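K.L.:
My structure is stored as model.txt, with compact mmCIF, C-alpha atoms.
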```txt
# COMPACT_ATOMS: atom_id res chain seq x y z
CA MET A 12 -82.96 144.65 -21.65
CA VAL A 13 -86.58 143.49 -21.62
CA GLU A 14 -87.55 146.33 -23.94
CA GLY A 15 -84.82 145.33 -26.35
CA VAL A 16 -86.01 141.75 -26.41
CA THR A 17 -89.62 142.84 -26.91
CA LEU A 18 -88.61 145.14 -29.75
CA ALA A 19 -86.59 142.38 -31.41
CA ALA A 20 -89.49 139.93 -31.09
CA LYS A 21 -91.90 142.49 -32.50
CA THR A 22 -89.62 143.18 -35.45
CA ALA A 23 -89.22 139.47 -36.14
CA ILE A 24 -92.99 138.98 -36.02
CA ASP A 25 -93.52 141.97 -38.31
CA LEU A 26 -91.04 140.56 -40.79
CA ALA A 27 -92.73 137.18 -40.68
CA ILE A 28 -96.15 138.75 -41.11
CA SER A 29 -95.22 141.12 -43.91
CA THR A 30 -93.91 138.36 -46.17
CA ASP A 31 -97.28 137.37 -47.65
CA GLU A 32 -98.86 140.78 -48.04
CA PRO A 33 -99.32 142.16 -51.53
CA GLY A 34 -97.00 144.85 -52.72
CA GLU A 35 -98.27 148.09 -51.25
CA ASP A 36 -97.40 150.10 -54.35
CA LEU A 37 -99.11 147.60 -56.60
CA LEU A 38 -102.42 147.91 -54.80
CA GLU A 39 -102.10 151.66 -54.51
CA VAL A 40 -101.52 151.93 -58.22
CA ALA A 41 -104.51 149.70 -58.87
CA VAL A 42 -106.68 151.89 -56.66
CA ARG A 43 -105.54 155.09 -58.35
CA GLU A 44 -105.96 153.70 -61.87
CA HIS A 45 -109.12 151.63 -61.62
CA ALA A 46 -111.19 152.86 -58.68
CA ARG A 47 -113.41 154.97 -60.94
CA LEU A 48 -114.02 152.13 -63.36
CA VAL A 49 -114.91 149.85 -60.45
CA TYR A 50 -117.26 152.52 -59.16
CA ARG A 51 -118.97 152.93 -62.55
CA ILE A 52 -119.44 149.19 -62.94
CA ALA A 53 -120.95 148.99 -59.48
CA TYR A 54 -123.11 152.04 -60.11
CA SER A 55 -124.36 150.70 -63.46
CA VAL A 56 -125.67 147.66 -61.62
CA LEU A 57 -126.87 149.23 -58.39
CA ARG A 58 -127.84 152.79 -59.44
CA ASN A 59 -126.99 153.96 -55.94
CA ALA A 60 -123.88 156.01 -55.10
CA ALA A 61 -123.46 154.82 -51.51
CA GLU A 62 -123.90 151.16 -52.38
CA ALA A 63 -121.55 151.54 -55.34
CA GLU A 64 -118.89 153.00 -53.08
CA ASP A 65 -119.35 150.14 -50.64
CA VAL A 66 -118.74 147.76 -53.53
CA VAL A 67 -115.55 149.64 -54.46
CA GLN A 68 -114.26 149.22 -50.92
CA GLU A 69 -115.16 145.54 -50.97
CA VAL A 70 -113.45 144.96 -54.31
CA PHE A 71 -110.16 146.41 -53.15
CA LEU A 72 -110.35 144.59 -49.84
CA ARG A 73 -110.74 141.38 -51.79
CA ALA A 74 -107.71 142.38 -53.84
CA LEU A 75 -105.79 142.94 -50.59
CA ARG A 76 -106.74 139.50 -49.32
CA TYR A 77 -105.64 138.07 -52.64
CA GLY A 78 -102.13 138.69 -51.34
CA LYS A 79 -99.00 138.34 -53.38
CA LYS A 80 -100.91 136.64 -56.17
CA LEU A 81 -102.02 140.09 -57.28
CA ALA A 82 -98.60 140.58 -58.87
CA GLY A 83 -99.23 137.54 -61.06
CA VAL A 84 -102.47 138.94 -62.52
CA GLU A 85 -101.82 139.88 -66.13
CA ASP A 86 -104.77 142.13 -66.94
CA ARG A 87 -105.45 143.86 -63.64
CA LYS A 88 -108.16 146.08 -65.09
CA ALA A 89 -110.21 143.17 -66.42
CA TRP A 90 -109.63 141.24 -63.20
CA LEU A 91 -110.86 144.09 -61.03
CA ALA A 92 -113.79 144.73 -63.38
CA GLN A 93 -114.83 141.11 -63.05
CA ILE A 94 -114.65 141.25 -59.25
CA ALA A 95 -116.58 144.52 -59.28
CA TRP A 96 -119.27 143.05 -61.49
CA ARG A 97 -119.73 140.00 -59.27
CA ALA A 98 -119.71 142.05 -56.09
CA ALA A 99 -122.26 144.47 -57.53
CA VAL A 100 -124.55 141.68 -58.72
CA GLU A 101 -124.32 140.08 -55.26
CA ALA A 102 -125.15 143.42 -53.65
CA ARG A 103 -128.08 143.88 -56.02
CA ARG A 104 -129.43 140.44 -55.09
CA ARG A 105 -129.07 141.25 -51.41
CA GLY A 106 -130.80 144.59 -51.98
CA MET A 107 -133.64 142.92 -53.88
CA ARG A 108 -134.03 140.39 -51.10
CA ASP A 109 -134.14 143.14 -48.49
CA ALA A 110 -136.46 145.38 -50.52
CA GLY A 111 -138.65 142.46 -51.55
CA ASN A 112 -138.97 143.44 -55.22
CA GLY A 113 -137.04 143.05 -58.43
CA GLU A 114 -136.99 146.70 -59.44
CA LEU A 115 -133.73 148.55 -59.75
CA PRO A 116 -133.37 151.39 -57.27
CA GLU A 117 -133.75 154.87 -58.60
CA GLY A 118 -130.52 156.67 -59.44
CA ASP A 119 -129.55 159.34 -56.97
CA ALA A 120 -126.72 161.09 -58.73
CA LEU A 121 -127.09 164.16 -60.88
CA HIS A 122 -124.41 163.46 -63.45
CA SER A 123 -124.21 166.77 -65.24
CA ALA A 124 -123.77 169.55 -62.77
CA ASP A 125 -123.18 172.08 -65.55
CA LEU A 126 -126.69 171.76 -66.92
CA GLY A 127 -129.37 174.27 -66.17
CA ALA A 128 -132.36 173.44 -64.01
CA GLU A 129 -134.65 172.67 -66.95
CA LEU A 130 -132.10 170.53 -68.74
CA ALA A 131 -131.23 168.76 -65.52
CA LEU A 132 -134.86 167.95 -65.00
CA LEU A 133 -135.11 166.64 -68.56
CA GLU A 134 -131.96 164.61 -68.00
CA LYS A 135 -133.39 163.12 -64.85
CA GLU A 136 -136.64 162.32 -66.58
CA ARG A 137 -134.80 160.68 -69.45
CA GLY A 138 -132.68 158.66 -67.09
CA LYS A 139 -135.72 157.48 -65.22
CA LEU A 140 -137.39 156.41 -68.45
CA LEU A 141 -134.31 154.55 -69.63
CA ARG A 142 -133.82 152.83 -66.29
CA GLY A 143 -137.38 151.62 -66.38
CA MET A 144 -136.90 150.21 -69.87
CA ILE A 145 -133.52 148.65 -69.10
CA SER A 146 -134.80 146.98 -65.95
CA GLY A 147 -137.50 145.37 -68.08
CA LEU A 148 -134.91 143.64 -70.24
CA PRO A 149 -133.94 140.02 -69.60
CA ASP A 150 -130.65 139.57 -67.72
CA SER A 151 -128.84 138.03 -70.67
CA LEU A 152 -129.46 141.18 -72.75
CA ARG A 153 -129.36 143.77 -70.00
CA ASP A 154 -125.88 142.97 -68.71
CA PRO A 155 -124.03 143.33 -72.05
CA LEU A 156 -125.93 146.55 -72.79
CA VAL A 157 -125.20 148.10 -69.39
CA LEU A 158 -121.52 147.21 -69.58
CA SER A 159 -121.26 148.40 -73.18
CA ALA A 160 -122.51 151.78 -72.02
CA LEU A 161 -119.28 152.09 -70.00
CA GLU A 162 -116.73 153.54 -72.34
CA GLU A 163 -113.74 152.05 -70.53
CA LEU A 164 -114.63 148.44 -71.27
CA SER A 165 -114.08 146.76 -74.62
CA PRO A 166 -116.42 143.99 -75.87
CA ARG A 167 -113.62 141.48 -75.25
CA GLU A 168 -113.33 142.54 -71.59
CA ILE A 169 -117.10 142.46 -71.20
CA GLY A 170 -117.12 138.97 -72.68
CA THR A 171 -114.49 137.87 -70.17
CA MET A 172 -116.50 139.33 -67.32
CA LEU A 173 -119.74 137.69 -68.36
CA GLY A 174 -118.19 134.45 -69.56
CA ILE A 175 -119.39 134.82 -73.13
CA SER A 176 -117.67 135.51 -76.44
CA GLU A 177 -116.98 138.93 -77.84
CA ALA A 178 -119.41 138.29 -80.71
CA ALA A 179 -122.10 137.30 -78.25
CA VAL A 180 -121.56 140.55 -76.37
CA ARG A 181 -121.99 142.56 -79.56
CA SER A 182 -125.08 140.68 -80.72
CA ARG A 183 -126.79 140.80 -77.32
CA ALA A 184 -126.10 144.50 -76.89
CA PHE A 185 -127.51 145.10 -80.37
CA ARG A 186 -130.65 143.10 -79.62
CA ALA A 187 -131.14 144.94 -76.35
CA ARG A 188 -130.80 148.23 -78.13
CA GLN A 189 -133.34 147.15 -80.72
CA ILE A 190 -135.84 146.30 -77.99
CA LEU A 191 -135.32 149.69 -76.37
CA ARG A 192 -135.88 151.42 -79.73
CA GLU A 193 -139.11 149.54 -80.29
CA ARG A 194 -140.32 150.53 -76.86
CA LEU A 195 -139.43 154.12 -77.48
CA PHE A 196 -141.36 154.08 -80.75
CA ALA A 197 -144.25 152.57 -78.89
CA LEU A 198 -144.12 155.57 -76.57
CA ASN A 199 -144.66 157.85 -79.57
CA GLY A 200 -141.09 158.83 -80.03
CA PRO A 201 -138.52 160.53 -77.87
CA ARG A 202 -139.45 163.36 -75.61
CA THR A 203 -136.51 165.60 -76.40
CA MET B 11 -142.98 163.60 -89.10
CA ASP B 12 -140.60 161.89 -91.49
CA PRO B 13 -140.12 158.28 -90.28
CA THR B 14 -136.43 158.29 -91.19
CA LYS B 15 -135.82 161.44 -89.23
CA ARG B 16 -137.83 160.02 -86.37
CA GLU B 17 -135.70 156.91 -86.31
CA HIS B 18 -132.61 159.06 -86.39
CA ASP B 19 -133.90 161.09 -83.45
CA VAL B 20 -134.69 157.96 -81.48
CA ASP B 21 -131.21 156.57 -82.10
CA GLN B 22 -129.65 159.83 -81.09
CA TRP B 23 -131.72 159.99 -77.94
CA LEU B 24 -130.87 156.39 -77.07
CA ASP B 25 -127.15 156.96 -77.61
CA SER B 26 -127.20 160.01 -75.44
CA ALA B 27 -129.26 158.34 -72.71
CA LEU B 28 -127.05 155.26 -72.66
CA SER B 29 -123.96 157.41 -72.54
CA GLN B 30 -125.39 159.28 -69.57
CA TYR B 31 -126.43 155.98 -68.04
CA GLY B 32 -122.83 154.80 -68.02
CA LYS B 33 -121.40 158.07 -66.79
CA ALA B 34 -121.31 158.12 -63.06
CA GLU B 35 -118.85 160.15 -61.07
CA PRO B 36 -118.07 159.17 -57.52
CA ARG B 37 -117.84 161.67 -54.72
CA THR B 38 -114.47 163.38 -54.58
CA GLY B 39 -111.77 161.56 -52.67
CA LEU B 40 -112.87 158.02 -53.50
CA GLU B 41 -109.29 156.82 -53.93
CA ARG B 42 -108.26 158.39 -50.64
CA ARG B 43 -111.11 156.71 -48.82
CA VAL B 44 -110.33 153.36 -50.40
CA LEU B 45 -106.64 153.65 -49.52
CA ALA B 46 -107.49 154.59 -45.95
CA SER B 47 -109.78 151.60 -45.72
CA LEU B 48 -107.04 149.35 -47.08
CA GLN B 49 -104.56 150.73 -44.58
CA ALA B 50 -106.98 150.08 -41.73
CA GLU B 51 -107.51 146.54 -42.97
CA ARG B 52 -103.76 146.02 -43.23
CA ASN B 53 -103.27 147.19 -39.66
CA ARG B 54 -106.04 144.91 -38.51
CA ILE B 55 -104.54 141.93 -40.30
CA THR B 56 -101.08 142.72 -38.95
CA SER B 57 -102.27 143.05 -35.37
CA ARG B 58 -104.30 139.87 -35.67
CA ARG B 59 -101.33 137.97 -37.03
CA ARG B 60 -99.15 139.43 -34.34
CA TRP B 61 -101.57 138.09 -31.74
CA TRP B 62 -101.55 134.69 -33.37
CA TRP B 63 -97.76 134.65 -33.39
CA ALA B 64 -97.66 135.69 -29.74
CA ILE B 65 -100.19 133.04 -28.79
CA GLY B 66 -98.28 130.45 -30.78
CA ALA B 67 -95.02 131.41 -29.08
CA VAL B 68 -96.61 131.23 -25.63
CA VAL B 69 -98.18 127.85 -26.40
CA ALA B 70 -94.86 126.53 -27.68
CA ALA B 71 -93.06 127.81 -24.57
CA VAL B 72 -95.65 126.22 -22.28
CA ALA B 73 -95.39 122.96 -24.19
CA ILE B 74 -91.60 122.96 -23.88
CA VAL B 75 -91.78 123.71 -20.15
CA ALA B 76 -94.38 120.96 -19.68
CA VAL B 77 -92.27 118.43 -21.56
CA VAL B 78 -89.18 119.33 -19.55
CA TRP B 79 -91.12 119.21 -16.29
CA VAL B 80 -92.68 115.84 -17.10
CA GLY B 81 -89.29 114.47 -18.09
CA GLU B 82 -87.67 115.69 -14.89
CA ASN B 83 -90.52 114.35 -12.82
CA GLY B 84 -90.33 110.96 -14.48
CA ARG B 85 -86.61 110.79 -13.89
CA LYS B 86 -87.05 111.68 -10.24
CA LYS B 87 -89.74 109.06 -9.85
CA ASN B 88 -87.50 106.44 -11.41
CA ALA B 89 -84.67 107.35 -9.07
CA GLY B 90 -86.83 107.42 -5.97
CA GLY B 91 -89.26 104.65 -6.82
CA VAL B 92 -87.26 101.86 -5.17
CA ALA B 93 -86.57 103.92 -2.12
CA GLU B 94 -90.23 104.68 -1.72
CA THR B 95 -91.27 101.04 -1.90
CA SER B 96 -88.53 99.81 0.42
CA LYS B 97 -89.98 100.23 3.84
CA PRO B 98 -93.13 101.83 5.05
CA THR B 99 -92.65 104.52 7.62
CA HIS B 100 -93.75 104.13 11.13
CA HIS B 101 -96.56 106.61 10.56
CA GLU B 102 -97.84 104.63 7.57
CA LYS B 103 -97.74 101.41 9.48
CA GLU B 104 -99.85 102.90 12.17
CA GLN B 105 -102.31 104.33 9.69
CA ARG B 106 -102.69 101.01 7.92
CA SER B 107 -103.24 99.03 11.07
CA ILE B 108 -105.70 101.50 12.58
CA GLU B 109 -107.95 102.49 9.74
CA PRO B 110 -108.53 100.22 6.84
CA GLY B 111 -109.83 102.16 3.87
CA PRO B 112 -113.25 101.72 2.31
CA ALA B 113 -111.72 100.04 -0.72
CA GLN B 114 -110.12 97.52 1.57
CA GLN B 115 -113.44 96.88 3.24
CA ALA B 116 -115.16 96.40 -0.07
CA GLY B 117 -112.46 93.98 -1.12
CA HIS B 118 -111.08 95.73 -4.21
CA PRO B 119 -107.38 95.04 -4.31
CA ALA B 120 -106.71 97.51 -7.11
CA LYS B 121 -108.29 100.35 -5.20
CA GLU B 122 -106.47 99.26 -2.11
CA VAL B 123 -103.17 99.78 -3.86
CA VAL B 124 -104.25 103.25 -4.80
CA ARG B 125 -105.23 104.01 -1.23
CA ARG B 126 -101.96 102.73 0.12
CA LYS B 127 -99.94 105.12 -1.97
CA PRO B 128 -98.39 107.52 0.51
CA ALA B 129 -99.35 111.15 0.34
CA ASN B 130 -96.82 113.68 -0.80
CA HIS B 131 -94.50 114.22 2.04
CA PRO B 132 -92.11 117.13 1.74
CA SER B 133 -89.26 115.45 3.56
CA ARG B 134 -89.51 112.35 1.36
CA GLU B 135 -89.67 114.49 -1.75
CA LEU B 136 -86.51 116.22 -0.68
CA ALA B 137 -84.81 112.93 0.09
CA VAL B 138 -85.78 111.51 -3.26
CA ALA B 139 -84.70 114.62 -5.07
CA ALA B 140 -81.34 114.54 -3.32
CA MET B 141 -80.59 111.02 -4.51
CA PRO B 142 -78.52 110.83 -7.67
CA LYS B 143 -79.63 108.81 -10.62
CA LEU B 144 -77.95 105.44 -10.65
CA ASP B 145 -76.85 103.38 -13.59
CA GLN B 146 -78.42 100.22 -12.27
CA PHE B 147 -82.18 99.73 -12.24
CA PRO B 148 -83.54 99.01 -9.76
CA SER B 149 -80.92 100.85 -7.80
CA ARG B 150 -78.99 99.08 -5.08
CA ARG B 151 -80.16 99.33 -1.56
CA ASN B 152 -79.17 97.89 1.79
CA LEU B 153 -80.66 94.54 2.67
CA SER B 154 -83.17 94.34 5.41
CA GLU B 155 -82.51 92.23 8.48
CA GLY B 156 -84.55 89.31 7.24
CA GLU B 157 -82.98 89.45 3.83
CA SER B 158 -79.47 89.48 5.24
CA LEU B 159 -80.30 86.49 7.46
CA LEU B 160 -81.63 84.65 4.44
CA VAL B 161 -78.55 85.46 2.42
CA ARG B 162 -76.30 84.29 5.23
CA ARG B 163 -78.25 81.06 5.53
CA LEU B 164 -78.07 80.46 1.83
CA ASN B 165 -74.34 81.06 1.84
CA GLU B 166 -73.84 78.56 4.68
CA GLN B 167 -75.98 76.05 2.91
CA SER B 168 -74.07 76.40 -0.28
CA ASN B 169 -70.75 76.04 1.58
CA LYS B 170 -71.94 72.80 3.10
CA GLU B 171 -73.01 71.49 -0.22
CA ALA B 172 -69.67 72.38 -1.67
CA LEU B 173 -67.83 70.53 1.05
CA LEU B 174 -69.98 67.47 0.60
CA LYS B 175 -69.42 67.55 -3.10
CA SER B 176 -65.66 67.88 -2.74
CA ALA B 177 -65.36 64.90 -0.30
CA PRO B 178 -65.35 61.58 -2.26
CA SER B 179 -68.04 59.26 -1.13
CA SER B 180 -67.58 55.52 -0.60
CA GLU B 181 -69.67 54.75 -3.58
CA GLU B 182 -67.52 56.79 -5.88
CA VAL B 183 -64.19 55.01 -4.90
CA ASP B 184 -62.91 52.76 -7.66
CA LEU B 185 -63.14 49.12 -6.78
CA SER B 186 -60.39 46.60 -7.55
CA ILE B 187 -60.09 42.93 -6.85
CA GLY B 188 -56.86 43.39 -4.98
CA SER B 189 -58.26 45.78 -2.56
CA LEU B 190 -61.16 43.55 -1.77
CA GLU B 191 -60.76 41.65 1.35
CA ILE B 192 -62.62 38.42 1.22
CA ARG B 193 -62.77 36.83 4.53
CA PRO B 194 -63.15 33.13 4.85
CA LEU B 195 -66.61 31.98 5.47
CA GLN B 196 -67.08 31.31 9.09
CA ILE B 197 -69.61 28.80 9.99
CA PRO B 198 -70.75 28.98 13.52
CA ASP B 199 -70.16 25.91 15.54
CA ILE B 200 -73.30 23.99 15.94
CA GLU B 201 -73.32 21.71 18.84
CA ILE B 202 -74.66 18.71 17.04
CA SER B 203 -73.35 16.23 19.54
CA GLU B 204 -75.21 17.91 22.27
CA SER B 205 -78.41 17.93 20.41
CA LYS B 206 -77.93 14.32 19.43
CA THR B 207 -77.36 13.37 22.92
CA ASN B 208 -80.36 15.27 24.05
```
Take the structure in the file and write it out as structure tokens.

P.N.:
Amino acid sequence: MVEGVTLAAKTAIDLAISTDEPGEDLLEVAVREHARLVYRIAYSVLRNAAEAEDVVQEVFLRALRYGKKLAGVEDRKAWLAQIAWRAAVEARRRGMRDAGNGELPEGDALHSADLGAELALLEKERGKLLRGMISGLPDSLRDPLVLSALEELSPREIGTMLGISEAAVRSRAFRARQILRERLFALNGPRT
Amino acid sequence: MDPTKREHDVDQWLDSALSQYGKAEPRTGLERRVLASLQAERNRITSRRRWWWAIGAVVAAVAIVAVVWVGENGRKKNAGGVAETSKPTHHEKEQRSIEPGPAQQAGHPAKEVVRRKPANHPSRELAVAAMPKLDQFPSRRNLSEGESLLVRRLNEQSNKEALLKSAPSSEEVDLSIGSLEIRPLQIPDIEISESKTN
């Protein structure tokens, strides 16, 4: 008798609780479709695999807390990308505060596992050089360039994320690229 | 080196480097880890909400019980209030006469009233609880000896007054000329001759 009452109360509470949770399938689909993009955005900002994965977890937890309103989001990819960008920038600021400098951390992932040892070393060297040059760019130019390097995002989506127009994204990315070219020329050309 | 070719090489290098910069593959099983984390968070939220619901239900139940208890208590007090104030018990009388409280000594009448309030006595509680709630407030009670004497006296007094009022007084009788009896004026005999002679 008591067990029956307890079970009924528990079921009623569960029903009451489950009413404002987001659709499970919706969030699962979002995770399966956009987790990699979220990771790449976070990694492009943080250059650290573990921190980027932490940001991915945080982004989807925020989406979970967003509740049923997630169903009302029209462009889920852009929405998640924006959250990922903000979360990554926040994490970078925290990291800078903790580390006490403004330098980007060194990348720890070897992206091309198929390459030979010599090529991998060259790749790593090239990446290090580029990171150093990119970190020297001003924020307003660096962010559009970094996001443009991600193939999944269109200039319109990048503009939405950064709160600027599509044309501004294109022009800033172009200017950033020009600065990098000039620096490379100053270094007596590419090393490859 | 040809400057045009050099520029071309730089552009190519930059494109390649930027492309590599944007390519980052997570460790395998990222989605699975994220989904597991979401499930754990869901469970946590559910259990937390369940606790809140349980606490809310308990608080509501306690509030209802408290309200009912206070209501019952108030009703009992109302029913037994007159009975309690009617007559002090023999024990209370003794206590009052023997030991005056400190409030009484200090001369604070308000505190005195508080002191005089009888302690909870189980037998009285039972008696009060047994009494039904009456329609009339304050409820009827038997008159004390003094009160009954007073009532009797008042009744007698009022009966007398009624009798006096019903009996017509001499002043209230209508006067008429016919009913008036006018006696002839009687002059007392004065013995003039005797005085003259004297």

K.L.:
Please report as an NGL selection string which residues of chain B come no farther than 6 Å from chain A, using all atoms listed in the file.

P.N.:
:B and (20 or 28-29 or 32 or 34 or 44)

K.L.:
Could you tell me how far CA of Ala179 in chain A sits from CA of Val84 in chain A, in Å to one decimal place?

P.N.:
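Atom-to-atom, CA of Val84 in chain A to CA of Ala179 in chain A, that is 25.2 Å.
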
K.L.:
Kindly indicate which residue among A:Ala92, A:Leu198, A:Glu168, A:Pro155 lies nearest to Val180 in chain A, using all atoms listed in the file for the distances.

P.N.:
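Of A:Ala92, A:Leu198, A:Glu168, A:Pro155, the one nearest Val180 in chain A, counting all atoms listed in the file, is A:Pro155.
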
K.L.:
By how many Å are CA of Gln93 in chain A and CA of Thr171 in chain A apart?

P.N.:
7.8 Å

K.L.:
Enter the distance from CA of Ala187 in chain A to CA of Leu148 in chain A, in Å, rounded to one decimal.

P.N.:
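Between CA of Ala187 in chain A and CA of Leu148 in chain A the gap works out to 7.3 Å.
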